[in-house]
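Okay, data16.csv is below, CSV, C-alpha atoms:
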chain,number,residue,atom,x,y,z
A,1,SER,CA,9.7,44.2,-83.8
A,2,VAL,CA,12.9,42.2,-83.8
A,3,LYS,CA,15.9,43.7,-82.0
A,4,PHE,CA,19.2,44.1,-83.8
A,5,SER,CA,21.1,42.4,-80.9
A,6,SER,CA,19.0,39.2,-81.1
A,7,LEU,CA,19.8,38.6,-84.7
A,8,PHE,CA,23.5,37.6,-84.6
A,9,GLU,CA,23.6,34.1,-83.2
A,10,ASN,CA,25.0,32.9,-86.4
A,11,ASN,CA,28.4,31.4,-87.3
A,12,ASN,CA,28.6,33.5,-90.5
A,13,ILE,CA,28.5,36.8,-88.6
A,14,GLN,CA,31.1,38.4,-86.4
A,15,LYS,CA,31.2,41.5,-84.3
A,16,GLN,CA,33.1,44.4,-85.8
A,17,ASP,CA,33.0,47.2,-83.1
A,18,SER,CA,36.2,48.7,-84.4
A,19,VAL,CA,38.7,48.0,-87.2
A,20,PRO,CA,42.3,49.1,-87.2
A,21,TYR,CA,43.3,52.0,-89.4
A,22,HIS,CA,46.4,54.0,-90.0
A,23,LYS,CA,46.3,56.8,-87.4
A,24,ASN,CA,48.4,59.3,-89.2
A,25,THR,CA,46.2,58.9,-92.3
A,26,MET,CA,43.1,59.6,-90.3
A,27,LYS,CA,44.8,62.6,-88.4
A,28,TRP,CA,45.7,64.3,-91.7
A,29,ARG,CA,42.4,63.4,-93.3
A,30,SER,CA,40.6,65.0,-90.4
A,31,LEU,CA,42.7,68.2,-90.6
A,32,LEU,CA,42.3,68.5,-94.3
A,33,ALA,CA,38.5,67.9,-94.1
A,34,GLY,CA,38.3,70.7,-91.5
A,35,LEU,CA,40.3,73.1,-93.7
A,36,LEU,CA,38.2,72.4,-96.8
A,37,GLY,CA,35.1,72.7,-94.7
A,38,GLY,CA,36.2,76.2,-93.6
A,39,LEU,CA,37.0,77.2,-97.1
A,40,PHE,CA,33.9,75.8,-98.8
A,41,GLY,CA,31.3,75.6,-96.1
A,42,SER,CA,31.2,71.8,-96.0
A,43,SER,CA,28.7,70.5,-93.5
A,44,ASP,CA,30.7,67.2,-93.1
A,45,SER,CA,34.1,68.7,-92.1
A,46,SER,CA,34.0,66.9,-88.8
A,47,SER,CA,34.2,63.4,-90.4
A,48,PRO,CA,37.6,62.0,-91.4
A,49,PHE,CA,35.8,59.1,-93.2
A,50,CYS,CA,34.6,60.9,-96.2
A,51,GLY,CA,37.3,62.6,-98.1
A,52,PRO,CA,36.7,63.5,-101.8
A,53,PRO,CA,35.3,62.0,-103.9
A,54,CYS,CA,33.2,60.1,-101.4
A,55,VAL,CA,29.6,61.3,-100.9
A,56,PRO,CA,28.5,61.8,-97.3
A,57,GLY,CA,25.1,60.5,-96.2
A,58,GLU,CA,22.7,61.4,-93.4
A,59,GLU,CA,21.8,59.1,-90.6
A,60,SER,CA,18.2,59.2,-91.7
A,61,ILE,CA,19.1,56.8,-94.6
A,62,MET,CA,19.3,54.0,-92.0
A,63,SER,CA,16.0,54.9,-90.2
A,64,GLU,CA,13.5,52.1,-89.5
A,65,LYS,CA,11.4,51.1,-92.5
A,66,GLU,CA,9.2,48.2,-93.4
A,67,HIS,CA,12.0,45.7,-93.2
A,68,GLY,CA,14.6,46.9,-90.7
A,69,SER,CA,16.6,49.7,-92.4
A,70,SER,CA,15.2,48.8,-95.8
A,71,HIS,CA,11.9,48.6,-97.5
A,72,THR,CA,12.3,45.0,-98.7
A,73,PRO,CA,14.2,41.8,-97.7
A,74,VAL,CA,17.2,40.7,-99.7
A,75,GLN,CA,16.6,38.9,-102.9
A,76,GLN,CA,15.9,35.2,-102.7
A,77,ASP,CA,18.4,34.0,-105.2
A,78,LEU,CA,21.6,35.8,-104.2
A,79,ARG,CA,24.7,35.4,-106.4
A,80,TRP,CA,27.6,33.2,-105.6
A,81,GLY,CA,25.7,31.0,-103.2
A,82,CYS,CA,25.6,33.7,-100.5
A,83,ASP,CA,23.5,32.7,-97.5
A,84,TRP,CA,20.1,34.4,-97.5
A,85,GLY,CA,19.7,34.6,-93.7
A,86,THR,CA,23.2,36.0,-93.2
A,87,ALA,CA,22.6,38.6,-95.9
A,88,ASP,CA,19.2,39.7,-94.6
A,89,ARG,CA,20.5,40.2,-91.1
A,90,ILE,CA,23.6,42.1,-92.1
A,91,CYS,CA,21.9,44.2,-94.8
A,92,ASN,CA,18.7,45.1,-92.9
A,93,TYR,CA,19.0,44.6,-89.2
A,94,ASN,CA,22.6,45.6,-88.5
A,95,ARG,CA,24.9,48.6,-88.1
A,96,ARG,CA,27.9,47.0,-86.3
A,97,TYR,CA,28.4,43.4,-87.6
A,98,ALA,CA,29.9,41.8,-90.6
A,99,GLU,CA,30.1,38.4,-92.3
A,100,TYR,CA,33.1,36.5,-90.9
A,101,SER,CA,36.5,37.5,-92.2
A,102,GLY,CA,37.4,35.5,-95.3
A,103,TYR,CA,33.7,34.7,-96.1
A,104,PHE,CA,34.2,35.6,-99.8
A,105,GLN,CA,37.1,33.2,-100.1
A,106,LYS,CA,34.7,30.3,-99.2
A,107,GLN,CA,32.4,31.1,-102.2
A,108,PRO,CA,33.9,29.1,-105.1
A,109,THR,CA,31.5,30.6,-107.8
A,110,PHE,CA,32.6,34.1,-106.8
A,111,LEU,CA,36.3,33.1,-107.0
A,112,ALA,CA,35.7,31.5,-110.3
A,113,GLU,CA,34.1,34.6,-111.7
A,114,LEU,CA,36.9,36.7,-110.3
A,115,GLN,CA,39.5,34.5,-112.2
A,116,GLN,CA,37.7,35.4,-115.4
A,117,ALA,CA,37.5,39.2,-114.6
A,118,SER,CA,39.9,41.9,-115.7
A,119,GLU,CA,39.9,45.7,-115.9
A,120,GLU,CA,38.4,45.4,-119.4
A,121,ASN,CA,35.8,42.8,-118.1
A,122,PRO,CA,35.1,43.8,-114.4
A,123,ILE,CA,32.6,42.3,-112.0
A,124,HIS,CA,29.5,44.4,-111.2
A,125,PHE,CA,28.3,44.2,-107.6
A,126,TYR,CA,24.6,44.9,-107.0
A,127,ASP,CA,22.6,45.8,-103.9
A,128,SER,CA,21.3,42.6,-102.3
A,129,ASN,CA,18.0,44.3,-101.6
A,130,THR,CA,17.3,46.3,-104.6
A,131,GLY,CA,19.5,45.1,-107.5
A,132,HIS,CA,21.0,48.6,-108.0
A,133,LEU,CA,24.6,48.8,-109.1
A,134,LEU,CA,26.9,49.7,-106.2
A,135,PHE,CA,30.5,48.7,-107.1
A,136,THR,CA,32.5,47.7,-110.1
A,137,ALA,CA,35.9,46.1,-109.8
A,138,PRO,CA,38.6,46.0,-110.7
A,139,VAL,CA,39.0,49.6,-112.0
A,140,HIS,CA,42.4,51.2,-112.6
A,141,ARG,CA,44.1,48.2,-111.1
A,142,SER,CA,44.5,44.5,-111.8
A,143,VAL,CA,42.3,41.6,-110.5
A,144,ASP,CA,45.4,40.4,-108.6
A,145,ASP,CA,45.7,43.7,-106.8
A,146,PHE,CA,42.0,43.7,-105.9
A,147,LEU,CA,42.1,40.1,-104.7
A,148,LYS,CA,45.4,40.6,-102.8
A,149,GLU,CA,44.0,43.6,-100.9
A,150,SER,CA,40.7,41.9,-100.2
A,151,ILE,CA,42.4,38.8,-98.8
A,152,HIS,CA,44.7,40.9,-96.7
A,153,HIS,CA,41.8,42.7,-95.0
A,154,GLY,CA,39.3,39.8,-95.0
A,155,TRP,CA,36.6,41.4,-97.0
A,156,PRO,CA,36.1,42.7,-100.6
A,157,SER,CA,37.9,46.1,-100.6
A,158,PHE,CA,37.0,48.7,-103.1
A,159,ARG,CA,38.6,52.1,-103.9
A,160,ASP,CA,37.0,55.4,-104.9
A,161,ASP,CA,36.9,54.7,-108.6
A,162,GLU,CA,35.1,51.4,-108.1
A,163,VAL,CA,32.1,53.0,-106.3
A,164,ASN,CA,28.9,54.1,-107.9
A,165,TRP,CA,28.4,57.4,-106.0
A,166,ASP,CA,24.9,57.7,-107.3
A,167,ARG,CA,23.9,54.9,-105.0
A,168,VAL,CA,26.5,54.7,-102.2
A,169,ARG,CA,26.9,57.0,-99.1
A,170,ILE,CA,29.3,57.3,-96.3
A,171,LEU,CA,28.0,58.2,-92.8
A,172,SER,CA,29.9,60.3,-90.3
A,173,ASN,CA,31.4,57.2,-88.5
A,174,GLY,CA,32.5,55.6,-91.7
A,175,GLU,CA,29.6,53.2,-92.1
A,176,THR,CA,29.1,52.6,-95.8
A,177,VAL,CA,25.4,52.2,-96.9
A,178,SER,CA,23.3,52.3,-100.0
A,179,VAL,CA,20.8,55.1,-100.5
A,180,ASP,CA,18.1,52.5,-100.0
A,181,GLY,CA,19.2,51.7,-96.5
A,182,THR,CA,21.3,48.6,-97.1
A,183,HIS,CA,24.3,48.2,-94.7
A,184,LEU,CA,27.3,47.5,-96.8
A,185,GLY,CA,30.4,47.8,-94.6
A,186,HIS,CA,32.7,50.6,-93.6
A,187,ASN,CA,35.2,53.0,-95.1
A,188,ILE,CA,38.6,52.3,-93.5
A,189,PRO,CA,41.1,54.6,-95.0
A,190,ASP,CA,44.8,53.7,-95.3
A,191,ARG,CA,47.9,55.3,-96.7
A,192,SER,CA,46.5,55.0,-100.3
A,193,GLY,CA,43.2,56.7,-99.4
A,194,ASN,CA,39.6,55.6,-98.9
A,195,ARG,CA,39.1,51.8,-98.7
A,196,TYR,CA,35.6,50.5,-98.6
A,197,CYS,CA,35.5,47.2,-96.7
A,198,ILE,CA,32.3,45.6,-97.9
A,199,ASN,CA,30.4,42.4,-97.0
A,200,LEU,CA,30.0,40.2,-100.1
A,201,VAL,CA,26.5,39.2,-98.9
A,202,SER,CA,25.5,42.9,-99.1
A,203,VAL,CA,26.5,43.2,-102.8
A,204,ALA,CA,25.4,39.8,-104.1
A,205,GLY,CA,22.2,41.0,-105.7
A,206,ASN,CA,21.0,40.3,-109.2
A,207,PRO,CA,20.6,43.3,-111.4
A,208,VAL,CA,16.9,44.3,-111.7
A,209,LYS,CA,15.7,45.5,-115.1
A,210,ASP,CA,15.4,49.3,-115.1
A,211,ALA,CA,16.9,49.5,-111.5
A,212,ASP,CA,19.4,52.0,-112.7
Exercise: express the given structure as C-alpha coordinates:
Amino acid sequence: SVKFSSLFENNNIQKQDSVPYHKNTMKWRSLLAGLLGGLFGSSDSSSPFCGPPCVPGEESIMSEKEHGSSHTPVQQDLRWGCDWGTADRICNYNRRYAEYSGYFQKQPTFLAELQQASEENPIHFYDSNTGHLLFTAPVHRSVDDFLKESIHHGWPSFRDDEVNWDRVRILSNGETVSVDGTHLGHNIPDRSGNRYCINLVSVAGNPVKDAD
(Lines of atoms letter the chains of each structure in order from A and count residues from 1; the text may use other names and numbers.)
(Lines give C-alpha, C1' and ligand atoms only; values in the text may rest on other atoms or scores of the structure.)
Protein backbone atom coordinates (compact mmCIF):
# COMPACT_ATOMS: atom_id res chain seq x y z
CA SER A 1 0.00 0.00 0.00
CA VAL A 2 1.06 3.60 -0.55
CA LYS A 3 2.45 5.43 2.48
CA PHE A 4 0.94 8.79 3.45
CA SER A 5 4.39 10.43 3.67
CA SER A 6 5.25 9.59 0.06
CA LEU A 7 2.22 11.31 -1.41
CA PHE A 8 3.06 14.94 -0.81
CA GLU A 9 5.70 15.83 -3.36
CA ASN A 10 3.30 18.26 -4.95
CA ASN A 11 3.35 22.04 -5.20
CA ASN A 12 -0.35 22.25 -4.40
CA ILE A 13 0.14 20.75 -0.93
CA GLN A 14 1.77 22.18 2.16
CA LYS A 15 2.51 20.74 5.57
CA GLN A 16 0.19 21.94 8.30
CA ASP A 17 1.55 20.45 11.53
CA SER A 18 0.06 23.19 13.65
CA VAL A 19 -2.05 26.25 13.04
CA PRO A 20 -2.13 29.30 15.33
CA TYR A 21 -5.19 29.72 17.51
CA HIS A 22 -6.24 32.09 20.22
CA LYS A 23 -4.87 30.54 23.43
CA ASN A 24 -7.35 32.14 25.81
CA THR A 25 -10.25 30.89 23.70
CA MET A 26 -8.89 27.37 23.82
CA LYS A 27 -8.20 27.54 27.56
CA TRP A 28 -11.74 28.59 28.43
CA ARG A 29 -13.23 26.18 25.86
CA SER A 30 -11.33 23.33 27.49
CA LEU A 31 -12.48 24.34 30.98
CA LEU A 32 -16.09 24.67 29.82
CA ALA A 33 -15.95 21.31 28.06
CA GLY A 34 -14.67 19.70 31.23
CA LEU A 35 -17.43 21.29 33.31
CA LEU A 36 -20.16 20.23 30.90
CA GLY A 37 -18.67 16.76 30.71
CA GLY A 38 -18.84 16.48 34.50
CA LEU A 39 -22.45 17.63 34.57
CA PHE A 40 -23.77 15.63 31.65
CA GLY A 41 -21.37 12.71 31.36
CA SER A 42 -19.90 13.73 28.03
CA SER A 43 -17.24 11.32 26.76
CA ASP A 44 -15.49 14.13 24.85
CA SER A 45 -14.85 16.55 27.68
CA SER A 46 -11.09 16.31 27.16
CA SER A 47 -11.20 17.96 23.74
CA PRO A 48 -11.34 21.75 23.40
CA PHE A 49 -11.97 21.42 19.65
CA CYS A 50 -15.62 20.36 19.76
CA GLY A 51 -17.75 22.78 21.71
CA PRO A 52 -21.50 22.79 20.99
CA PRO A 53 -23.05 22.42 18.50
CA CYS A 54 -20.22 20.46 16.86
CA VAL A 55 -20.54 16.67 16.74
CA PRO A 56 -17.48 14.71 17.92
CA GLY A 57 -16.25 11.74 15.92
CA GLU A 58 -14.28 8.59 16.67
CA GLU A 59 -10.82 7.94 15.27
CA SER A 60 -12.21 4.82 13.59
CA ILE A 61 -13.87 7.05 10.98
CA MET A 62 -10.44 7.50 9.41
CA SER A 63 -9.42 3.82 9.53
CA GLU A 64 -7.87 2.27 6.42
CA LYS A 65 -10.40 1.30 3.77
CA GLU A 66 -10.37 0.36 0.10
CA HIS A 67 -8.93 3.74 -0.93
CA GLY A 68 -6.94 5.21 1.93
CA SER A 69 -9.35 6.46 4.59
CA SER A 70 -12.28 6.27 2.15
CA HIS A 71 -14.10 3.62 0.19
CA THR A 72 -13.70 5.39 -3.17
CA PRO A 73 -11.42 7.91 -4.91
CA VAL A 74 -12.58 11.49 -5.38
CA GLN A 75 -14.94 12.21 -8.25
CA GLN A 76 -13.32 12.65 -11.63
CA ASP A 77 -15.04 15.94 -12.54
CA LEU A 78 -14.52 18.08 -9.46
CA ARG A 79 -16.12 21.52 -9.39
CA TRP A 80 -14.27 24.80 -9.90
CA GLY A 81 -11.39 23.15 -11.76
CA CYS A 82 -9.90 21.64 -8.61
CA ASP A 83 -6.94 19.38 -9.29
CA TRP A 84 -7.90 15.70 -9.05
CA GLY A 85 -4.52 14.42 -7.83
CA THR A 86 -4.26 17.05 -5.11
CA ALA A 87 -7.81 16.35 -4.00
CA ASP A 88 -7.36 12.58 -3.87
CA ARG A 89 -4.17 12.83 -1.82
CA ILE A 90 -5.60 15.32 0.66
CA CYS A 91 -8.99 13.64 1.01
CA ASN A 92 -7.92 10.01 1.20
CA TYR A 93 -4.24 9.62 2.07
CA ASN A 94 -3.69 12.42 4.53
CA ARG A 95 -4.22 13.55 8.10
CA ARG A 96 -1.78 16.48 8.44
CA TYR A 97 -1.49 18.29 5.12
CA ALA A 98 -3.51 20.91 3.25
CA GLU A 99 -3.77 22.53 -0.14
CA TYR A 100 -1.53 25.60 -0.20
CA SER A 101 -2.80 28.72 1.51
CA GLY A 102 -4.85 30.80 -0.91
CA TYR A 103 -5.55 27.88 -3.27
CA PHE A 104 -9.23 28.79 -3.45
CA GLN A 105 -8.34 32.29 -4.62
CA LYS A 106 -6.67 30.79 -7.71
CA GLN A 107 -9.90 29.10 -8.86
CA PRO A 108 -11.70 31.72 -10.99
CA THR A 109 -14.89 29.69 -11.42
CA PHE A 110 -15.24 29.39 -7.65
CA LEU A 111 -14.73 33.12 -7.17
CA ALA A 112 -17.24 33.86 -9.93
CA GLU A 113 -19.83 31.62 -8.26
CA LEU A 114 -19.10 33.28 -4.94
CA GLN A 115 -19.76 36.71 -6.47
CA GLN A 116 -23.25 35.55 -7.40
CA ALA A 117 -23.97 34.00 -4.00
CA SER A 118 -25.84 35.52 -1.06
CA GLU A 119 -27.42 34.41 2.19
CA GLU A 120 -30.62 33.85 0.19
CA ASN A 121 -28.67 32.01 -2.55
CA PRO A 122 -25.76 30.28 -0.80
CA ILE A 123 -23.18 27.90 -2.24
CA HIS A 124 -23.49 24.23 -1.34
CA PHE A 125 -20.25 22.32 -0.77
CA TYR A 126 -20.26 18.57 -1.36
CA ASP A 127 -17.90 15.79 -0.30
CA SER A 128 -15.37 15.30 -3.11
CA ASN A 129 -15.60 11.53 -2.62
CA THR A 130 -19.28 10.85 -2.10
CA GLY A 131 -21.21 13.91 -3.23
CA HIS A 132 -22.89 14.31 0.16
CA LEU A 133 -23.68 17.84 1.31
CA LEU A 134 -21.17 19.01 3.95
CA PHE A 135 -21.32 22.82 4.12
CA THR A 136 -23.54 25.68 2.99
CA ALA A 137 -22.30 29.27 2.96
CA PRO A 138 -22.91 32.01 3.68
CA VAL A 139 -25.41 31.44 6.50
CA HIS A 140 -26.30 34.25 8.93
CA ARG A 141 -23.61 36.48 7.44
CA SER A 142 -22.79 38.14 4.15
CA VAL A 143 -20.70 36.76 1.29
CA ASP A 144 -18.22 39.55 1.97
CA ASP A 145 -17.83 38.38 5.58
CA PHE A 146 -17.31 34.77 4.47
CA LEU A 147 -14.77 35.78 1.83
CA LYS A 148 -12.92 38.22 4.09
CA GLU A 149 -12.48 35.60 6.82
CA SER A 150 -11.44 32.93 4.31
CA ILE A 151 -8.85 35.18 2.68
CA HIS A 152 -7.48 36.20 6.07
CA HIS A 153 -6.89 32.58 7.09
CA GLY A 154 -5.99 31.18 3.66
CA TRP A 155 -8.72 28.54 3.37
CA PRO A 156 -12.53 28.55 3.12
CA SER A 157 -13.63 29.12 6.72
CA PHE A 158 -17.03 27.95 7.90
CA ARG A 159 -18.96 28.60 11.10
CA ASP A 160 -21.25 26.27 13.08
CA ASP A 161 -24.45 27.21 11.26
CA GLU A 162 -22.82 26.47 7.90
CA VAL A 163 -22.01 22.83 8.74
CA ASN A 164 -24.20 19.83 7.91
CA TRP A 165 -23.80 17.97 11.20
CA ASP A 166 -25.42 14.85 9.77
CA ARG A 167 -22.27 14.33 7.67
CA VAL A 168 -19.39 16.17 9.42
CA ARG A 169 -17.47 15.12 12.54
CA ILE A 170 -14.70 16.71 14.63
CA LEU A 171 -12.00 14.40 16.02
CA SER A 172 -10.31 14.93 19.39
CA ASN A 173 -7.38 16.88 17.87
CA GLY A 174 -9.62 19.20 15.85
CA GLU A 175 -9.34 17.29 12.58
CA THR A 176 -12.52 17.83 10.60
CA VAL A 177 -13.71 14.85 8.55
CA SER A 178 -16.79 13.53 6.83
CA VAL A 179 -18.55 10.47 8.22
CA ASP A 180 -17.33 8.65 5.09
CA GLY A 181 -13.65 9.16 5.96
CA THR A 182 -12.82 12.22 3.86
CA HIS A 183 -10.22 14.52 5.40
CA LEU A 184 -11.66 18.04 5.20
CA GLY A 185 -9.44 20.28 7.34
CA HIS A 186 -9.37 21.36 10.99
CA ASN A 187 -11.46 23.21 13.53
CA ILE A 188 -9.40 26.21 14.68
CA PRO A 189 -11.55 28.12 17.18
CA ASP A 190 -11.12 31.84 17.68
CA ARG A 191 -12.79 34.55 19.76
CA SER A 192 -16.01 34.12 17.76
CA GLY A 193 -16.22 30.36 18.34
CA ASN A 194 -15.63 27.32 16.18
CA ARG A 195 -14.04 28.00 12.79
CA TYR A 196 -13.73 25.13 10.36
CA CYS A 197 -10.73 25.72 8.08
CA ILE A 198 -11.51 23.51 5.07
CA ASN A 199 -9.66 22.51 1.89
CA LEU A 200 -11.60 23.54 -1.20
CA VAL A 201 -10.46 20.34 -2.93
CA SER A 202 -12.19 18.31 -0.20
CA VAL A 203 -15.59 19.92 -0.74
CA ALA A 204 -15.58 20.32 -4.53
CA GLY A 205 -17.75 17.30 -5.24
CA ASN A 206 -20.81 17.22 -7.42
CA PRO A 207 -24.08 16.32 -5.69
CA VAL A 208 -25.04 12.73 -6.31
CA LYS A 209 -28.71 11.93 -6.79
CA ASP A 210 -30.17 10.42 -3.63
CA ALA A 211 -26.84 11.00 -1.79
CA ASP A 212 -28.65 12.79 1.05
query: When distances are computed from only C-alpha atoms, which of A:Tyr103, A:Tyr93, A:Phe135, A:Phe146 shows the smallest separation from Gln115 (chain A)?
result: A:Phe146
field: Residue nearest Thr136 (chain A) among A:Glu149, A:Asp77, A:Glu120, A:Glu162 (counting only C-alpha atoms)
entry: A:Glu162
message: When you count all atoms listed in the file, which of these residues is closest to Arg195 (chain A): A:Glu99, A:Glu119, A:Glu59, A:Glu175?
response: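 Result for the nearest residue to Arg195 (chain A): A:Glu175.
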task: Check the smallest atom-to-atom distance from each of A:His153, A:His186, A:His132, A:Lys148 to Trp165 (chain A) using only C-alpha atoms, then report the winner.
output: A:His132
Point-to-point distance from CA of Thr109 (chain A) to CA of Asn187 (chain A), Å rounded to tenths: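 Distance reported for this atom pair: 26.0 Å.
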message: Nearest residue to Ser172 (chain A) out of A:Gly51, A:Gly57, A:Gly68, A:Pro156, using all atoms listed in the file?
response: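 Nearest to Ser172 (chain A): A:Gly57.
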- prompt: Which is closer to Arg79 (chain A) than all the others in A:His124, A:His152, A:Arg169, A:His140, using all atoms listed in the file?
  reply: A:His124
Atomic separation - CA of Phe49 (chain A) relative to CA of Leu171 (chain A), Å: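 Taking CA of Leu171 (chain A) as the start and CA of Phe49 (chain A) as the end point, the length is 7.9 Å.
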List the neighbours of Pro138 (chain A) out to 10 Å using all atoms listed in the file; skip same-chain residues closer than 6 positions along the sequence, and give me the result as a PDB file with C-alpha atoms, keeping the file's coordinate frame.
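File part_29.pdb, as written:
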ATOM      1  CA  LEU A 114      36.900  36.700-110.300  1.00  0.00           C
ATOM      2  CA  ALA A 117      37.500  39.200-114.600  1.00  0.00           C
ATOM      3  CA  SER A 118      39.900  41.900-115.700  1.00  0.00           C
ATOM      4  CA  GLU A 119      39.900  45.700-115.900  1.00  0.00           C
ATOM      5  CA  GLU A 120      38.400  45.400-119.400  1.00  0.00           C
ATOM      6  CA  ASN A 121      35.800  42.800-118.100  1.00  0.00           C
ATOM      7  CA  PRO A 122      35.100  43.800-114.400  1.00  0.00           C
ATOM      8  CA  ILE A 123      32.600  42.300-112.000  1.00  0.00           C
ATOM      9  CA  HIS A 124      29.500  44.400-111.200  1.00  0.00           C
ATOM     10  CA  ASP A 144      45.400  40.400-108.600  1.00  0.00           C
ATOM     11  CA  ASP A 145      45.700  43.700-106.800  1.00  0.00           C
ATOM     12  CA  PHE A 146      42.000  43.700-105.900  1.00  0.00           C
ATOM     13  CA  LEU A 147      42.100  40.100-104.700  1.00  0.00           C
ATOM     14  CA  PHE A 158      37.000  48.700-103.100  1.00  0.00           C
ATOM     15  CA  ARG A 159      38.600  52.100-103.900  1.00  0.00           C
ATOM     16  CA  ASP A 161      36.900  54.700-108.600  1.00  0.00           C
ATOM     17  CA  GLU A 162      35.100  51.400-108.100  1.00  0.00           C
TER      18      GLU A 162
END
